[in-house]
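In what follows, a single structure is set out as structure tokens and then discussed.
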Amino acid sequence: MNRYNPLAIESKWQKIWEDSEAFKADDKSDKPKKFLAEMFPYPSGAGLHVGHVRNFTIVDVLARYYSQKGYNVLRPFGYDTFGLPAENYAIKTGVSPQSATATNVANFRNQLKKLGYAIDWSREINTSSPEYYKWTQWCFLQLYKKGLAYQKESYQWWCPVDQTVLANEQVENGHCWRCGSEVEKKKLKQWFFKITDYADELLDDIDTLDWPDKIKIMQKNWIGKSTGAEINFETEDKKAIRVFTTRPDTIYGATFLVLAPEHPLIKDLINDNTRKEVEDYCRNAIKKSEIERQENKEKTGVFTGSYAINPATKEKIPIWVADYVLIGYGTGAIMAVPAGDDRDREFAEKFNLPIVEITQVPKKPFGTEKTTYRMRDWLISRQRYWGCPIPIAYDKDGNAHPIPEDQLPVMIPEVADYKPDNSGHSALAKATDWLKVTISGKEMIRETDTLDGYACSSWYLWRYASPHDTANAWDPAKISYWSPLDVYVGGDHAVAHLLYIRFWCKFFADEGKLPFREPIIKLLYNGYINAPDGKKMSKSKGNVIDPLDVINDGYGADTLRTYEMFIGPYDQDAAWNPRSVGGVYRFLNRCWTLCFEAKLQNVKNENIRHKTIKKVTEDIERAAFNTAISTLMEYVNELYKVGANEEDLITLAKLLKPFAPHLASEMLEQLSADDSWPEYNEKYLVTDMAEVVIQVNGKLRAKLQIPVEDLDNQTKIEQLALADPNVQKFTNNNIKKTIYIKKAKLLNIVC
RNA sequence: GGGCGAAUGGCGGAAUUGGUAGACGCGCCAGACUCAAAAUCUAGUUCCAGCAAUGGAGUGUGGGUUCGAUUCCCACUUCGCCCACCA
């Protein structure tokens with residue numbers, strides 16, 4: 001007797017798919033298209049983990065399902081290869097990031113092939129290859145030309161260990177998202193993208209997206225639009241202090257002003273008595289790490305010595321400095337209304353400032369209407385070697401000049417030592433020859449900052465349309481055929497990446513380079529897979545499940561894939577259960593046995609077969625992969641009971657193929673069948689007899705088998721129900737009314 | 001502090017629009033096959049009572065709406081995630 005041998009079957013089909021370039025997408029086709037992708041991974045040295053497998057398998061199930069349905073499917077793959085781990089590894093070992101990245105990509109590619117993914121390998125992209133980052137630099141220059149890439153000196157998050165600036169999104173509870181060390185503030189000249197120009201459109205278009213509400217709400221909160229007013233308060237010597245408030249109507253209760261410690265007017269408001277105290281306070285507050293500000297929410301502040309006039313009450317009110325007012329939001333100054341705002345009240349109580357109830361509301365509002373956003377411009381400078389060089393050079397006066405497009409890419413030079421120095425420059429500053437560049441005949445020095453990795457991932461989906469184009473970032477005709485992306489799958493970057501890619505899409509649409517304003521139609525945001533103990537998998541805890549071990553232990557890729565789809569709803573976190581893996585293996589083994597070992601039976605299974613087709617199809621459409629698989633399990637269990645005919649096995653193999661493509665291909669080959677997605681026929685969904693549930697006062701008391709044509713005959717059903725002894729026991733001939741729901745095949749007798 | 005979500009057997013989960021709660025899988029239990037084990041197959045498995053038919057209870061807690069509530073409403077408890085002095 002033969003046995004299900006997944007490893008033999010899988011290597012056979014993987015070779016067939018590779019040799020025939022089975023998943024090469026067609027740039028022109030009469031068929032409707034589907035463009036599907038996962039959030040491309042950072043290829044770490046550890047290789048694939050089970051979380052990747054969940055993410056990529058969802059895409060693969062959809063890609064195979066739509067192919068089987070007759071769509072022209074584009075399912076490419078890429079690697080997000082710039083980043084700190086490769087650079088830190090280089091600093092530690094001397095192995096260049098270029099070389100470590102090549103090794104890791106090759107390892108990922110081999111592992112992906114062992115999973116049998118339906119990837120168009122001719123479209124593989126890699127953000128750290130010069131052919132790719134040339135166009136990342138080109139994108140930067142387009143933004144620069146329109147004034148959307150600009151330099152500004154400001155206080156920025158600085159990670160003292162990684163020696164780099166971090167964006168707001170890369171600071172988690174006052175700690176660096178990479179190395180976990182406490183971050184500090186540093187005043188630096190940095191490059192920014194002006195994402196705030198698109199704040200309104202980014203906000204308004206969220207409602208048009210077929211994305212999870214959770215993500216949409218997070219993006220809305222991140223953008224944080226609020227409308228209010230800016231009001232000028234004059235000091236006694238006629239200096240204007242502009243404040244922002246969402247409640248201009250509370251101005252009669254404004255009893256003092258508060259400025260952020262970084263506010264530029266502070267130096268004009270202090271006097272000889274207050275100078276030292278205020279300057280000390282500001283210096284400390286600016287230096288104070290965010291973690292200290294958070295841990296100690298006790299209000300602190302100092303009086304400047306100056307007063308302003310409340311334009312509503314004409315009262316003289318003191319001007320204070322306090323770090324609970326943030327320089328980056330509004331105008332960096334507020335009118336404090338302690339009677340209406342908890343923070344202002346706390347401050348007033350601590351410093352004995354007047355708390356005045358709001359007695360009137362101004363008929364004509366003070367100030368001018370103003371909208372503000374919590375979202376700040378996107379800080380893109382990174383003082384790191386292993387990133388996309390910013391295509392800028394400086395003349396001898398320090399003025400920035402773009403590198404001409406025909407001089408792209410600005411290549412990453414080879415260096416001997418990858419360590420950044422402590423002057424705030426990356427290791428690129430050590431490449432002395434590379435630093436020198438001639439633009440329009442003038443000697444200049446190159447920018448040594450590199451771009452935030454999120455810039456590289458802000459356009460990669462469009463590169464998939466024409467990954468080898470040497471004349472364009474993306475081919476206009478091909479991108480209009482494939483884009484926008486129909487389904488994007490991932491479990492990370494709810495705000496950052498998914499907001500940035502929307503921003504670039506809108507910008508390039510305005511440039512006439514993209515014929516759509518939203519890059520991703522549908523987003524599936526998958527949950528994490530945790531260790532069997534329910535905790536996060538981590539090397540230090542030693543609870544990591546290696547997906548390649550699961551395959552090589554003999555279960556095979558089909559079991560691994562099917563198990564990860566069966567583990568639970570795709571959007572929820574799940575804990576790995578080794579025993580359940582065995583259960584899925586048993587299921588595939590039963591499929592194999594039915595096809596290769598069992599005798600075909602002359603049975604009529606139309607009803608169960610067509611019910612199965614309908615349910616599995618609908619479940620895949622609504623991304624309920626776990627119940628699609630349980631439906632297939634029910635079908636197999638039924639076929640074991642009643643026997644299977646050839647049509648049953650063909651249908652089973654076709655429905656199974658998105659999840660277990662190797663086994664299904666083997667079955668289809670044995671059955672000499674193609675893999676076209678089966679259609680169900682409504683006429684087989686109905687049976688001769690139907691079960692009607694009889695309730696008395698909402699409690700189940702009997703089940704009746706009646707001919708289907710009698711389902712419309714309520715009188716007859718009632719008669720049959722009342723003839724049932726168990727129903728009689730509970731009704732006692734005392735019936736108030738009956739409710740019959742045909743759709744639910746349910747009769748409720750109320751008494 | 002604010003926002004969002006979740007809570008169902010021994011465990012993971014199902015119930016898609018208010019209509020038979022517990023599909024499917026794990027585990028457990030019994031049987032078949034075997035010298036035996038593994039593998040495989042068959043049957044059972046929410047709890048309580050009962051040989052059984054069947055009855056009672058039951059979806060975090062307390063209330064409400066309804067003929068009927070895991071599903072809708074109100075209050076609460078616990079857990080998870082996100083944001084967090086944004087005026």
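Each chain in the structure tokens gets a letter, A, B and so on, in the order shown; residues start at 1 in every chain, and ligands are counted from 1 in the order they appear.
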
With only C-alpha atoms (C1' of nucleotides) as the counted atoms, please give the residues lying no more than 12 Å from G27 in chain B, apart from itself and same-chain residues fewer than 5 positions off, as a PDB file with N, CA and C atoms (P, O5', C5', C4', C3', O3' and C1' of nucleotides), in the first residue's frame.
```pdb
ATOM      1  N   ASN A 577      -0.278  25.386  17.826  1.00  0.00           N
ATOM      2  CA  ASN A 577      -0.610  24.147  18.534  1.00  0.00           C
ATOM      3  C   ASN A 577      -0.096  22.972  17.719  1.00  0.00           C
ATOM      4  N   ARG A 579      -0.238  19.843  18.052  1.00  0.00           N
ATOM      5  CA  ARG A 579      -1.163  18.727  17.858  1.00  0.00           C
ATOM      6  C   ARG A 579      -2.163  19.017  16.742  1.00  0.00           C
ATOM      7  N   SER A 580      -2.562  20.305  16.641  1.00  0.00           N
ATOM      8  CA  SER A 580      -3.493  20.661  15.571  1.00  0.00           C
ATOM      9  C   SER A 580      -2.836  20.539  14.204  1.00  0.00           C
ATOM     10  N   GLY A 583      -3.501  17.228  13.152  1.00  0.00           N
ATOM     11  CA  GLY A 583      -4.881  17.057  12.713  1.00  0.00           C
ATOM     12  C   GLY A 583      -5.063  17.450  11.257  1.00  0.00           C
TER      13      GLY A 583
ATOM     14  P     G B   9     -16.681  28.380  27.741  1.00  0.00           P
ATOM     15  O5'   G B   9     -16.629  27.006  26.920  1.00  0.00           O
ATOM     16  C5'   G B   9     -15.759  26.002  27.355  1.00  0.00           C
ATOM     17  C4'   G B   9     -16.556  24.811  27.795  1.00  0.00           C
ATOM     18  C3'   G B   9     -15.669  23.644  28.208  1.00  0.00           C
ATOM     19  O3'   G B   9     -16.305  22.932  29.256  1.00  0.00           O
ATOM     20  C1'   G B   9     -17.094  22.995  26.440  1.00  0.00           C
ATOM     21  P     G B  10     -15.576  22.882  30.663  1.00  0.00           P
ATOM     22  O5'   G B  10     -14.171  22.227  30.270  1.00  0.00           O
ATOM     23  C5'   G B  10     -13.181  22.055  31.252  1.00  0.00           C
ATOM     24  C4'   G B  10     -11.859  21.780  30.604  1.00  0.00           C
ATOM     25  C3'   G B  10     -11.549  22.580  29.350  1.00  0.00           C
ATOM     26  O3'   G B  10     -11.159  23.899  29.630  1.00  0.00           O
ATOM     27  C1'   G B  10     -10.936  20.330  29.022  1.00  0.00           C
ATOM     28  P     C B  11     -11.502  25.096  28.586  1.00  0.00           P
ATOM     29  O5'   C B  11     -10.404  24.883  27.454  1.00  0.00           O
ATOM     30  C5'   C B  11      -9.039  25.208  27.687  1.00  0.00           C
ATOM     31  C4'   C B  11      -8.268  24.997  26.412  1.00  0.00           C
ATOM     32  C3'   C B  11      -8.754  25.799  25.204  1.00  0.00           C
ATOM     33  O3'   C B  11      -8.302  27.137  25.225  1.00  0.00           O
ATOM     34  C1'   C B  11      -8.423  23.558  24.563  1.00  0.00           C
ATOM     35  P     G B  12      -9.144  28.263  24.467  1.00  0.00           P
ATOM     36  O5'   G B  12      -8.815  28.008  22.935  1.00  0.00           O
ATOM     37  C5'   G B  12      -7.484  28.168  22.462  1.00  0.00           C
ATOM     38  C4'   G B  12      -7.455  27.929  20.978  1.00  0.00           C
ATOM     39  C3'   G B  12      -8.492  28.699  20.169  1.00  0.00           C
ATOM     40  O3'   G B  12      -8.119  30.046  19.973  1.00  0.00           O
ATOM     41  C1'   G B  12      -8.432  26.448  19.441  1.00  0.00           C
ATOM     42  P     U B  45     -22.334  12.276  21.535  1.00  0.00           P
ATOM     43  O5'   U B  45     -21.211  12.881  22.471  1.00  0.00           O
ATOM     44  C5'   U B  45     -21.290  12.754  23.899  1.00  0.00           C
ATOM     45  C4'   U B  45     -20.033  13.285  24.527  1.00  0.00           C
ATOM     46  C3'   U B  45     -19.674  14.724  24.163  1.00  0.00           C
ATOM     47  O3'   U B  45     -20.402  15.663  24.945  1.00  0.00           O
ATOM     48  C1'   U B  45     -17.749  13.366  24.001  1.00  0.00           C
TER      49        U B  45
END
```

Item to complete: From a DSSP pass on the backbone, collect the residues of range 152-305 of chain A flagged as strand (DSSP E or B) and hand them back as number ranges by chain.
Response: A: 152-159, 164-166, 171-172, 175-176, 182, 184-193, 210, 226-235, 240-245, 256-259, 302-305

Worksheet item: Which residues of chain B are close to chain A, meaning at most 9 Å apart when you count only C-alpha atoms (C1' of nucleotides), and how do they look as a list in words?
Response: G3, C4, G5, G12, G13, A14, G19, U20, A23, C24, G25, C26, G27, C67, G68, C82, C83, A84, C85, C86 and A87 of chain B

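Around Gly94 in chain A, within 10 Å and counting only C-alpha atoms (C1' of nucleotides), the residues found are Glu87, Asn88, Ala416, Asp417 and Tyr418 of chain A, once anything fewer than 6 positions away on its own chain is removed.
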
Next, dump the selected residues to file, keeping only N, CA and C atoms, as a short mmCIF file (atom, residue, chain, number, x, y, z; two decimals), in the first residue's frame.
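Listing of part_21.cif after writing:
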```cif
data_model
loop_
_atom_site.label_atom_id
_atom_site.label_comp_id
_atom_site.auth_asym_id
_atom_site.auth_seq_id
_atom_site.Cartn_x
_atom_site.Cartn_y
_atom_site.Cartn_z
N GLU A 87 23.18 46.67 8.96
CA GLU A 87 24.28 47.59 9.24
C GLU A 87 24.93 47.28 10.60
N ASN A 88 24.11 46.98 11.59
CA ASN A 88 24.66 46.62 12.90
C ASN A 88 25.48 45.34 12.81
N ALA A 416 35.33 50.89 4.61
CA ALA A 416 36.03 49.87 5.40
C ALA A 416 35.39 49.69 6.76
N ASP A 417 34.83 50.78 7.25
CA ASP A 417 34.32 50.77 8.62
C ASP A 417 32.90 51.35 8.60
N TYR A 418 31.92 50.60 9.07
CA TYR A 418 30.52 50.99 8.94
C TYR A 418 30.01 51.82 10.11
#
```

Discussion item. Using only C-alpha atoms for the distances, tell me which of A:Leu188, A:Ile551, A:Leu671, A:Ala339 is nearest to Gly116 in chain A.
Written reply: A:Ile551

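Pairwise distance (CA of Gln151 in chain A, CA of Ala400 in chain A) equals 9.1 Å.
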
Worksheet entry | Residue neighbourhood range 49-62 of chain B, 12 Å, only C-alpha atoms (C1' of nucleotides), exclusion window fewer than 3 positions, as JSON, numbers by chain | {"A": [701, 702, 726, 729, 730], "B": [6, 7, 8, 9, 15, 21, 22, 46, 69, 70, 71, 74, 75, 76, 77, 78, 79]}

Discussion item. Can you pull out every residue from range 24-234 of chain A that DSSP, working from the backbone, puts in alpha helix (DSSP H), and format the result as JSON, numbers by chain?
Written reply: {"A": [50, 51, 52, 53, 54, 55, 56, 57, 58, 59, 60, 61, 62, 63, 64, 65, 66, 67, 68, 84, 85, 86, 87, 88, 89, 90, 91, 92, 93, 97, 98, 99, 100, 101, 102, 103, 104, 105, 106, 107, 108, 109, 110, 111, 112, 113, 114, 130, 131, 132, 133, 134, 135, 136, 137, 138, 139, 140, 141, 142, 143, 144, 145, 199, 200, 201, 202, 203, 204, 213, 214, 215, 216, 217, 218, 219, 220, 221, 222, 223]}

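With only C-alpha atoms (C1' of nucleotides) taken into account, the protein and nucleic acid residues at most 6 Å from Gly253 in chain A (excluding it and anything under 5 positions from it in its own chain) are Val337, Val356, Glu357 and Ile358 of chain A.
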
Worksheet item: Counting only C-alpha atoms (C1' of nucleotides), what is within 7 Å of Pro97 in chain A, bar same-chain residues fewer than 4 positions away, as JSON, numbers by chain?
Response: {"A": [86, 87, 90, 101, 386]}
